[in-house]
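Pasted below: run.cif, mmCIF, C-alpha atoms.
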data_my_file
loop_
_atom_site.group_PDB
_atom_site.id
_atom_site.type_symbol
_atom_site.label_atom_id
_atom_site.label_comp_id
_atom_site.auth_asym_id
_atom_site.auth_seq_id
_atom_site.Cartn_x
_atom_site.Cartn_y
_atom_site.Cartn_z
ATOM 1 C CA MET A 274 114.768 -91.991 -102.633
ATOM 2 C CA ALA A 275 114.484 -94.985 -100.317
ATOM 3 C CA VAL A 276 112.421 -94.644 -97.159
ATOM 4 C CA PRO A 277 114.619 -95.277 -94.065
ATOM 5 C CA GLN A 278 113.624 -98.498 -92.284
ATOM 6 C CA GLU A 279 112.648 -96.739 -89.039
ATOM 7 C CA GLN A 280 110.287 -94.384 -90.923
ATOM 8 C CA LEU A 281 108.837 -97.315 -92.841
ATOM 9 C CA ALA A 282 108.280 -99.247 -89.603
ATOM 10 C CA ALA A 283 106.573 -96.226 -88.006
ATOM 11 C CA LYS A 284 104.223 -95.847 -90.984
ATOM 12 C CA LEU A 285 103.353 -99.553 -90.907
ATOM 13 C CA LEU A 286 102.361 -99.413 -87.236
ATOM 14 C CA ILE A 287 99.649 -96.831 -87.882
ATOM 15 C CA LEU A 288 97.942 -98.741 -90.699
ATOM 16 C CA GLU A 289 94.757 -100.447 -89.637
ATOM 17 C CA SER A 290 92.561 -102.599 -91.816
ATOM 18 C CA LEU A 291 91.888 -100.900 -95.115
ATOM 19 C CA ARG A 292 88.976 -103.169 -95.952
ATOM 20 C CA ASN A 293 86.357 -101.239 -97.957
ATOM 21 C CA HIS A 294 88.838 -98.593 -99.074
ATOM 22 C CA PHE A 295 90.018 -97.572 -102.513
ATOM 23 C CA LEU A 296 93.673 -97.684 -103.457
ATOM 24 C CA ILE A 297 94.490 -94.964 -105.972
ATOM 25 C CA ALA A 298 97.644 -95.763 -107.928
ATOM 26 C CA SER A 299 100.028 -92.852 -107.479
ATOM 27 C CA PRO A 300 101.726 -91.422 -110.583
ATOM 28 C CA GLN A 301 105.023 -92.959 -109.491
ATOM 29 C CA LEU A 302 103.468 -96.464 -109.669
ATOM 30 C CA THR A 303 104.317 -97.350 -113.258
ATOM 31 C CA ASP A 304 103.792 -101.105 -112.987
ATOM 32 C CA ASP A 305 102.252 -102.204 -116.283
ATOM 33 C CA PHE A 306 99.262 -103.801 -114.601
ATOM 34 C CA PHE A 307 98.448 -101.237 -111.898
ATOM 35 C CA ASP A 308 99.370 -98.034 -113.760
ATOM 36 C CA HIS A 309 96.431 -95.563 -113.403
ATOM 37 C CA SER A 310 94.347 -98.131 -111.545
ATOM 38 C CA LEU A 311 91.761 -97.809 -108.818
ATOM 39 C CA VAL A 312 91.496 -100.866 -106.560
ATOM 40 C CA TYR A 313 88.648 -101.702 -104.203
ATOM 41 C CA LEU A 314 89.977 -103.620 -101.185
ATOM 42 C CA ILE A 315 87.666 -106.462 -100.217
ATOM 43 C CA GLU A 316 89.957 -107.688 -97.432
ATOM 44 C CA HIS A 317 93.044 -106.394 -95.628
ATOM 45 C CA ASN A 318 94.406 -108.062 -92.507
ATOM 46 C CA ASP A 319 97.566 -109.624 -91.086
ATOM 47 C CA GLU A 320 97.321 -112.411 -93.695
ATOM 48 C CA GLY A 321 97.532 -109.960 -96.610
ATOM 49 C CA ALA A 322 95.160 -108.020 -98.812
ATOM 50 C CA PHE A 323 92.710 -108.860 -101.584
ATOM 51 C CA GLY A 324 90.728 -106.660 -103.958
ATOM 52 C CA VAL A 325 89.797 -105.879 -107.543
ATOM 53 C CA ILE A 326 90.717 -103.135 -109.983
ATOM 54 C CA ILE A 327 87.455 -101.318 -110.725
ATOM 55 C CA ASN A 328 88.420 -99.058 -113.641
ATOM 56 C CA LYS A 329 89.924 -101.410 -116.266
ATOM 57 C CA PRO A 330 87.424 -102.923 -118.713
ATOM 58 C CA ALA A 331 88.114 -106.441 -119.966
ATOM 59 C CA PRO A 332 88.509 -107.001 -123.713
ATOM 60 C CA ALA A 333 85.588 -109.475 -123.618
ATOM 61 C CA LYS A 334 81.964 -109.288 -122.527
ATOM 62 C CA LEU A 335 80.562 -111.258 -119.611
ATOM 63 C CA SER A 336 78.247 -113.167 -121.976
ATOM 64 C CA GLU A 337 81.346 -114.482 -123.788
ATOM 65 C CA ILE A 338 82.653 -116.248 -120.680
ATOM 66 C CA VAL A 339 79.450 -117.227 -118.827
ATOM 67 C CA ASP A 340 77.155 -119.744 -120.504
ATOM 68 C CA ASP A 341 73.550 -118.799 -121.228
ATOM 69 C CA LEU A 342 73.918 -115.210 -120.098
ATOM 70 C CA PRO A 343 71.955 -112.921 -122.402
ATOM 71 C CA GLU A 344 73.762 -109.853 -123.721
ATOM 72 C CA GLY A 345 71.882 -106.619 -123.273
ATOM 73 C CA PRO A 346 71.787 -103.223 -121.587
ATOM 74 C CA THR A 347 71.328 -104.845 -118.152
ATOM 75 C CA SER A 348 74.331 -107.168 -118.540
ATOM 76 C CA PRO A 349 77.077 -106.137 -116.082
ATOM 77 C CA PRO A 350 80.293 -104.784 -117.551
ATOM 78 C CA LEU A 351 83.249 -107.165 -117.311
ATOM 79 C CA MET A 352 86.338 -105.680 -115.702
ATOM 80 C CA VAL A 353 89.897 -106.955 -115.282
ATOM 81 C CA GLY A 354 90.081 -107.307 -111.506
ATOM 82 C CA GLY A 355 93.754 -108.154 -111.345
ATOM 83 C CA PRO A 356 96.562 -110.429 -112.405
ATOM 84 C CA VAL A 357 95.719 -113.423 -110.166
ATOM 85 C CA ASN A 358 92.829 -115.913 -110.119
ATOM 86 C CA ARG A 359 92.078 -115.200 -113.784
ATOM 87 C CA ASN A 360 89.671 -118.165 -113.913
ATOM 88 C CA MET A 361 87.396 -116.675 -111.225
ATOM 89 C CA VAL A 362 84.536 -114.210 -111.726
ATOM 90 C CA LEU A 363 83.428 -112.008 -108.831
ATOM 91 C CA PHE A 364 80.492 -109.613 -108.751
ATOM 92 C CA LEU A 365 80.286 -106.358 -106.814
ATOM 93 C CA HIS A 366 76.791 -104.901 -106.696
ATOM 94 C CA ASP A 367 74.267 -102.995 -104.654
ATOM 95 C CA ASN A 368 71.452 -105.001 -103.077
ATOM 96 C CA ASP A 369 68.418 -103.801 -105.020
ATOM 97 C CA PRO A 370 66.712 -106.225 -105.382
ATOM 98 C CA PRO A 371 68.042 -108.095 -102.333
ATOM 99 C CA GLN A 372 70.404 -111.007 -103.024
ATOM 100 C CA THR A 373 70.256 -113.412 -100.101
ATOM 101 C CA GLU A 374 73.483 -115.250 -101.009
ATOM 102 C CA SER A 375 75.584 -112.085 -101.351
ATOM 103 C CA MET A 376 77.949 -110.862 -98.652
ATOM 104 C CA GLY A 377 77.653 -107.255 -97.497
ATOM 105 C CA LEU A 378 81.039 -105.534 -97.550
ATOM 106 C CA CYS A 379 80.094 -101.998 -96.606
ATOM 107 C CA ASP A 380 77.114 -99.701 -96.921
ATOM 108 C CA GLY A 381 75.828 -100.251 -100.443
ATOM 109 C CA ILE A 382 78.488 -102.689 -101.755
ATOM 110 C CA PHE A 383 77.930 -106.450 -101.826
ATOM 111 C CA LEU A 384 80.041 -109.358 -103.108
ATOM 112 C CA SER A 385 78.871 -112.505 -104.846
ATOM 113 C CA SER A 386 80.383 -115.369 -106.766
ATOM 114 C CA THR A 387 77.624 -117.947 -106.338
ATOM 115 C CA ALA A 388 75.688 -119.984 -108.874
ATOM 116 C CA GLY A 389 72.532 -118.430 -107.389
ATOM 117 C CA PHE A 390 73.731 -114.964 -108.372
ATOM 118 C CA LEU A 391 74.409 -116.168 -111.938
ATOM 119 C CA GLU A 392 70.847 -117.490 -112.073
ATOM 120 C CA ALA A 393 69.586 -114.094 -110.891
ATOM 121 C CA LEU A 394 71.571 -112.488 -113.742
ATOM 122 C CA ARG A 395 70.140 -114.918 -116.282
ATOM 123 C CA SER A 396 66.566 -114.306 -115.103
ATOM 124 C CA GLY A 397 66.904 -110.515 -114.884
ATOM 125 C CA GLU A 398 66.532 -110.513 -111.077
ATOM 126 C CA ALA A 399 70.033 -109.256 -110.232
ATOM 127 C CA PRO A 400 70.827 -105.660 -109.252
ATOM 128 C CA LEU A 401 71.332 -103.252 -112.149
ATOM 129 C CA ARG A 402 74.246 -101.583 -110.334
ATOM 130 C CA CYS A 403 76.599 -104.502 -110.784
ATOM 131 C CA HIS A 404 80.107 -105.074 -112.152
ATOM 132 C CA ALA A 405 81.737 -108.411 -112.949
ATOM 133 C CA PHE A 406 85.473 -108.915 -112.387
ATOM 134 C CA ILE A 407 87.681 -111.543 -113.932
ATOM 135 C CA GLY A 408 90.749 -112.037 -111.803
ATOM 136 C CA SER A 409 91.723 -110.248 -108.634
ATOM 137 C CA SER A 410 94.597 -108.412 -106.978
ATOM 138 C CA GLY A 411 96.403 -109.788 -103.961
ATOM 139 C CA TRP A 412 99.215 -108.867 -101.600
ATOM 140 C CA ALA A 413 101.215 -111.010 -99.189
ATOM 141 C CA PRO A 414 101.282 -110.108 -95.474
ATOM 142 C CA GLU A 415 102.622 -106.548 -95.020
ATOM 143 C CA GLN A 416 103.326 -106.168 -98.764
ATOM 144 C CA LEU A 417 100.542 -103.653 -99.352
ATOM 145 C CA ASP A 418 101.403 -101.804 -96.140
ATOM 146 C CA GLN A 419 104.975 -101.394 -97.388
ATOM 147 C CA GLU A 420 103.784 -100.171 -100.800
ATOM 148 C CA ILE A 421 101.554 -97.586 -99.112
ATOM 149 C CA ALA A 422 104.419 -96.475 -96.874
ATOM 150 C CA ARG A 423 106.515 -95.966 -100.034
ATOM 151 C CA ASP A 424 103.715 -93.796 -101.503
ATOM 152 C CA ALA A 425 102.775 -96.209 -104.288
ATOM 153 C CA TRP A 426 99.103 -95.898 -103.318
ATOM 154 C CA MET A 427 96.840 -93.197 -101.937
ATOM 155 C CA VAL A 428 94.088 -94.557 -99.696
ATOM 156 C CA VAL A 429 90.520 -93.273 -99.413
ATOM 157 C CA PRO A 430 87.289 -94.796 -98.037
ATOM 158 C CA ALA A 431 85.257 -96.490 -100.770
ATOM 159 C CA LYS A 432 82.221 -94.648 -102.118
ATOM 160 C CA THR A 433 79.380 -96.436 -103.902
ATOM 161 C CA HIS A 434 78.889 -93.643 -106.451
ATOM 162 C CA VAL A 435 82.533 -93.981 -107.550
ATOM 163 C CA MET A 436 82.161 -97.758 -107.809
ATOM 164 C CA PHE A 437 78.898 -97.870 -109.747
ATOM 165 C CA ASP A 438 78.008 -94.477 -111.207
ATOM 166 C CA LEU A 439 81.155 -92.918 -112.689
ATOM 167 C CA PRO A 440 82.554 -93.860 -116.100
ATOM 168 C CA ASN A 441 85.709 -95.975 -115.841
ATOM 169 C CA ASP A 442 87.988 -93.158 -116.994
ATOM 170 C CA GLN A 443 86.639 -90.887 -114.204
ATOM 171 C CA LYS A 444 86.667 -93.326 -111.267
ATOM 172 C CA ARG A 445 90.282 -92.744 -110.218
ATOM 173 C CA GLN A 446 89.819 -88.965 -110.095
ATOM 174 C CA GLY A 447 86.417 -89.428 -108.433
ATOM 175 C CA ALA A 448 88.102 -91.304 -105.595
ATOM 176 C CA ALA A 449 90.858 -88.660 -105.384
ATOM 177 C CA ASP A 450 88.186 -85.954 -105.115
ATOM 178 C CA VAL A 451 87.321 -87.381 -101.682
ATOM 179 C CA LEU A 452 90.838 -86.314 -100.635
ATOM 180 C CA GLY A 453 90.591 -82.987 -102.469
ATOM 181 C CA ILE A 454 93.397 -83.997 -104.859
ATOM 182 C CA ASP A 455 93.618 -83.248 -108.570
ATOM 183 C CA LEU A 456 95.614 -86.180 -109.963
ATOM 184 C CA ASN A 457 96.571 -84.122 -113.016
ATOM 185 C CA LEU A 458 98.678 -81.862 -110.771
ATOM 186 C CA ILE A 459 100.770 -84.681 -109.266
ATOM 187 C CA GLN A 460 104.095 -85.334 -110.994
ATOM 188 C CA PRO A 461 105.744 -88.767 -110.901
ATOM 189 C CA THR A 462 108.928 -88.822 -108.839
ATOM 190 C CA GLY A 463 110.049 -92.420 -109.388
ATOM 191 C CA MET A 464 110.044 -95.213 -106.842
ATOM 192 C CA ASN A 465 112.693 -97.449 -105.304
#
Kindly transcribe the structure held in the file into structure tokens.
Amino acid sequence: MAVPQEQLAAKLLILESLRNHFLIASPQLTDDFFDHSLVYLIEHNDEGAFGVIINKPAPAKLSEIVDDLPEGPTSPPLMVGGPVNRNMVLFLHDNDPPQTESMGLCDGIFLSSTAGFLEALRSGEAPLRCHAFIGSSGWAPEQLDQEIARDAWMVVPAKTHVMFDLPNDQKRQGAADVLGIDLNLIQPTGMN
């Protein structure tokens, strides 16, 4: 069922910046790429939105795409962050030990893509709570707002324990738990 334009416009007016929020793909979102995904929004403003999928492991290891990176138990897992910018690697991490070149996004989540951070990884001086993302997810101005208004995504504030501590197959439900929702009880209804 299509959402009437006046209802859609009313929903869009109440959306503020969703930076540092999770987007939980609703069961009716059956897009091949975003099906069952959990996205962390790094930026959301009037120019669009940008984030990474945090629960889809890449088929490769980080050491296979970054030169001179030793493989081991402290090597960050490589995730598929999204369908765009597939030649870019981003890192989301906590700040223990402190990384001076990293940008703080919210309490306990930092972003890096610098050569200095790669050197910290190589030397074992990077945070252990760290995930690497190849590619990202992006939305044009108002595109994400319209998808949310059409119930393609559920929105919840980001939590560091969901980002770093839960297994990938439990992250989506872990984020939904913040809303008190059991995703297994939601039936897809189809989207227009």
Given the file above and the PyMOL selection byres ((chain A and resi 395-404) around 7), which residues are selected, and can you give them as a PyMOL selection string? chain A and resi 342-343+347+349-351+364-370+391-394+405-406+437
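For the choices A:Ile327, A:Ile382, A:Ile407, A:Met427, the atom-to-atom distance to Leu439 of chain A is smallest for A:Ile327 when using all atoms listed in the file.
Taking all atoms listed in the file into account, Ser310 of chain A lies nearest to A:Trp426 out of the set A:Trp426, A:Trp412, A:Phe323, A:Phe383.
Closest to Val429 of chain A among A:Ser385, A:Asn441, A:Gln446, A:Asn358 is A:Gln446, based on all atoms listed in the file.
The shell of residues at most 10 Å from Gly321 of chain A, with all atoms listed in the file counted and near chain neighbours (fewer than 4 positions) removed, consists of Glu316, His317, Gly411, Trp412, Ala413, Pro414, Glu415, Gln416, Leu417 and Asp418 of chain A.
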Residues from last step as file, C-alpha atoms, as a PDB file, in the frame of the given file:
ATOM      1  CA  GLU A 316      89.957-107.688 -97.432  1.00  0.00           C
ATOM      2  CA  HIS A 317      93.044-106.394 -95.628  1.00  0.00           C
ATOM      3  CA  GLY A 411      96.403-109.788-103.961  1.00  0.00           C
ATOM      4  CA  TRP A 412      99.215-108.867-101.600  1.00  0.00           C
ATOM      5  CA  ALA A 413     101.215-111.010 -99.189  1.00  0.00           C
ATOM      6  CA  PRO A 414     101.282-110.108 -95.474  1.00  0.00           C
ATOM      7  CA  GLU A 415     102.622-106.548 -95.020  1.00  0.00           C
ATOM      8  CA  GLN A 416     103.326-106.168 -98.764  1.00  0.00           C
ATOM      9  CA  LEU A 417     100.542-103.653 -99.352  1.00  0.00           C
ATOM     10  CA  ASP A 418     101.403-101.804 -96.140  1.00  0.00           C
TER      11      ASP A 418
END
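The space separating atom CA of Pro332 of chain A from atom CA of Leu296 of chain A comes to 22.9 Å.
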Can you work out which one of A:Ile338, A:Ala388, A:Ala449, A:Val312 has the shortest atom-to-atom distance to Gly355 of chain A, counting all atoms listed in the file? A:Val312
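Straight-line separation from atom CA of Lys329 of chain A to atom CA of Leu458 of chain A: 22.1 Å.
The space separating atom CA of Ile297 of chain A from atom CA of Gly377 of chain A comes to 22.5 Å.
With only C-alpha atoms as the atoms that count, the residue of A:Ser410, A:Asn318, A:Thr387, A:Gln372 with the shortest distance to Arg359 of chain A is A:Ser410.
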Please identify all polymer residues within 9 Å of Asp424 of chain A, counting only C-alpha atoms, omitting same-chain residues fewer than 3 positions from it, and present them as an MDAnalysis selection string. chainID A and resid 299 301:302 419:421 427 464
Assuming 3 Å of padding per side, give the centre and edge lengths of the axis-aligned box around every listed atom of segment 431-439 of chain A, in Å to one decimal and as JSON.
{"center_x": 81.6, "center_y": -95.4, "center_z": -106.7, "size_x": 13.2, "size_y": 11.0, "size_z": 17.9}
Nearest to Asn328 of chain A: which of A:Leu363, A:Val353, A:Glu344, A:Lys432 is it, counting all atoms listed in the file? A:Val353
List every protein, DNA or RNA residue that has an atom no more than 7 Å from (84.0, -98.0, -101.5) in the file's coordinate frame, counting all atoms listed in the file, and report them as a count of residues only. 9
Some atoms are missing, so please complete segment 412-437 of chain A with N, CA and C atoms and return it as a PDB file, in the coordinates of the input.
ATOM      1  N   TRP A 412      97.948-109.245-102.210  1.00  0.00           N
ATOM      2  CA  TRP A 412      99.215-108.867-101.600  1.00  0.00           C
ATOM      3  C   TRP A 412      99.511-109.815-100.456  1.00  0.00           C
ATOM      4  N   ALA A 413     100.760-110.182-100.304  1.00  0.00           N
ATOM      5  CA  ALA A 413     101.215-111.010 -99.189  1.00  0.00           C
ATOM      6  C   ALA A 413     101.147-110.201 -97.902  1.00  0.00           C
ATOM      7  N   PRO A 414     101.282-110.857 -96.737  1.00  0.00           N
ATOM      8  CA  PRO A 414     101.282-110.108 -95.474  1.00  0.00           C
ATOM      9  C   PRO A 414     102.298-108.964 -95.500  1.00  0.00           C
ATOM     10  N   GLU A 415     101.831-107.781 -95.112  1.00  0.00           N
ATOM     11  CA  GLU A 415     102.622-106.548 -95.020  1.00  0.00           C
ATOM     12  C   GLU A 415     103.082-105.972 -96.361  1.00  0.00           C
ATOM     13  N   GLN A 416     102.887-106.685 -97.462  1.00  0.00           N
ATOM     14  CA  GLN A 416     103.326-106.168 -98.764  1.00  0.00           C
ATOM     15  C   GLN A 416     102.609-104.873 -99.128  1.00  0.00           C
ATOM     16  N   LEU A 417     101.292-104.857 -99.020  1.00  0.00           N
ATOM     17  CA  LEU A 417     100.542-103.653 -99.352  1.00  0.00           C
ATOM     18  C   LEU A 417     100.898-102.518 -98.397  1.00  0.00           C
ATOM     19  N   ASP A 418     101.044-102.820 -97.126  1.00  0.00           N
ATOM     20  CA  ASP A 418     101.403-101.804 -96.140  1.00  0.00           C
ATOM     21  C   ASP A 418     102.731-101.138 -96.522  1.00  0.00           C
ATOM     22  N   GLN A 419     103.675-101.935 -96.972  1.00  0.00           N
ATOM     23  CA  GLN A 419     104.975-101.394 -97.388  1.00  0.00           C
ATOM     24  C   GLN A 419     104.843-100.534 -98.641  1.00  0.00           C
ATOM     25  N   GLU A 420     104.002-100.968 -99.585  1.00  0.00           N
ATOM     26  CA  GLU A 420     103.784-100.171-100.800  1.00  0.00           C
ATOM     27  C   GLU A 420     103.140 -98.831-100.460  1.00  0.00           C
ATOM     28  N   ILE A 421     102.199 -98.832 -99.533  1.00  0.00           N
ATOM     29  CA  ILE A 421     101.554 -97.586 -99.112  1.00  0.00           C
ATOM     30  C   ILE A 421     102.569 -96.688 -98.422  1.00  0.00           C
ATOM     31  N   ALA A 422     103.398 -97.261 -97.574  1.00  0.00           N
ATOM     32  CA  ALA A 422     104.419 -96.475 -96.874  1.00  0.00           C
ATOM     33  C   ALA A 422     105.417 -95.857 -97.860  1.00  0.00           C
ATOM     34  N   ARG A 423     105.608 -96.498 -99.000  1.00  0.00           N
ATOM     35  CA  ARG A 423     106.515 -95.966-100.034  1.00  0.00           C
ATOM     36  C   ARG A 423     105.778 -95.049-101.023  1.00  0.00           C
ATOM     37  N   ASP A 424     104.534 -94.710-100.705  1.00  0.00           N
ATOM     38  CA  ASP A 424     103.715 -93.796-101.503  1.00  0.00           C
ATOM     39  C   ASP A 424     103.346 -94.324-102.888  1.00  0.00           C
ATOM     40  N   ALA A 425     103.233 -95.640-103.022  1.00  0.00           N
ATOM     41  CA  ALA A 425     102.775 -96.209-104.288  1.00  0.00           C
ATOM     42  C   ALA A 425     101.263 -96.055-104.443  1.00  0.00           C
ATOM     43  N   TRP A 426     100.562 -95.979-103.317  1.00  0.00           N
ATOM     44  CA  TRP A 426      99.103 -95.898-103.318  1.00  0.00           C
ATOM     45  C   TRP A 426      98.635 -94.773-102.404  1.00  0.00           C
ATOM     46  N   MET A 427      97.579 -94.103-102.811  1.00  0.00           N
ATOM     47  CA  MET A 427      96.840 -93.197-101.937  1.00  0.00           C
ATOM     48  C   MET A 427      95.594 -93.967-101.494  1.00  0.00           C
ATOM     49  N   VAL A 428      95.183 -93.776-100.263  1.00  0.00           N
ATOM     50  CA  VAL A 428      94.088 -94.557 -99.696  1.00  0.00           C
ATOM     51  C   VAL A 428      92.934 -93.631 -99.350  1.00  0.00           C
ATOM     52  N   VAL A 429      91.718 -94.055 -99.702  1.00  0.00           N
ATOM     53  CA  VAL A 429      90.520 -93.273 -99.413  1.00  0.00           C
ATOM     54  C   VAL A 429      89.366 -94.247 -99.156  1.00  0.00           C
ATOM     55  N   PRO A 430      88.448 -93.924 -98.242  1.00  0.00           N
ATOM     56  CA  PRO A 430      87.289 -94.796 -98.037  1.00  0.00           C
ATOM     57  C   PRO A 430      86.505 -94.979 -99.335  1.00  0.00           C
ATOM     58  N   ALA A 431      86.020 -96.187 -99.557  1.00  0.00           N
ATOM     59  CA  ALA A 431      85.257 -96.490-100.770  1.00  0.00           C
ATOM     60  C   ALA A 431      83.920 -95.761-100.760  1.00  0.00           C
ATOM     61  N   LYS A 432      83.511 -95.328-101.928  1.00  0.00           N
ATOM     62  CA  LYS A 432      82.221 -94.648-102.118  1.00  0.00           C
ATOM     63  C   LYS A 432      81.450 -95.384-103.207  1.00  0.00           C
ATOM     64  N   THR A 433      80.172 -95.679-102.936  1.00  0.00           N
ATOM     65  CA  THR A 433      79.380 -96.436-103.902  1.00  0.00           C
ATOM     66  C   THR A 433      79.208 -95.692-105.219  1.00  0.00           C
ATOM     67  N   HIS A 434      79.084 -94.370-105.186  1.00  0.00           N
ATOM     68  CA  HIS A 434      78.889 -93.643-106.451  1.00  0.00           C
ATOM     69  C   HIS A 434      80.126 -93.746-107.341  1.00  0.00           C
ATOM     70  N   VAL A 435      81.320 -93.804-106.744  1.00  0.00           N
ATOM     71  CA  VAL A 435      82.533 -93.981-107.550  1.00  0.00           C
ATOM     72  C   VAL A 435      82.532 -95.381-108.156  1.00  0.00           C
ATOM     73  N   MET A 436      82.184 -96.371-107.355  1.00  0.00           N
ATOM     74  CA  MET A 436      82.161 -97.758-107.809  1.00  0.00           C
ATOM     75  C   MET A 436      81.187 -97.973-108.959  1.00  0.00           C
ATOM     76  N   PHE A 437      79.956 -97.493-108.820  1.00  0.00           N
ATOM     77  CA  PHE A 437      78.898 -97.870-109.747  1.00  0.00           C
ATOM     78  C   PHE A 437      78.461 -96.791-110.732  1.00  0.00           C
TER      79      PHE A 437
END
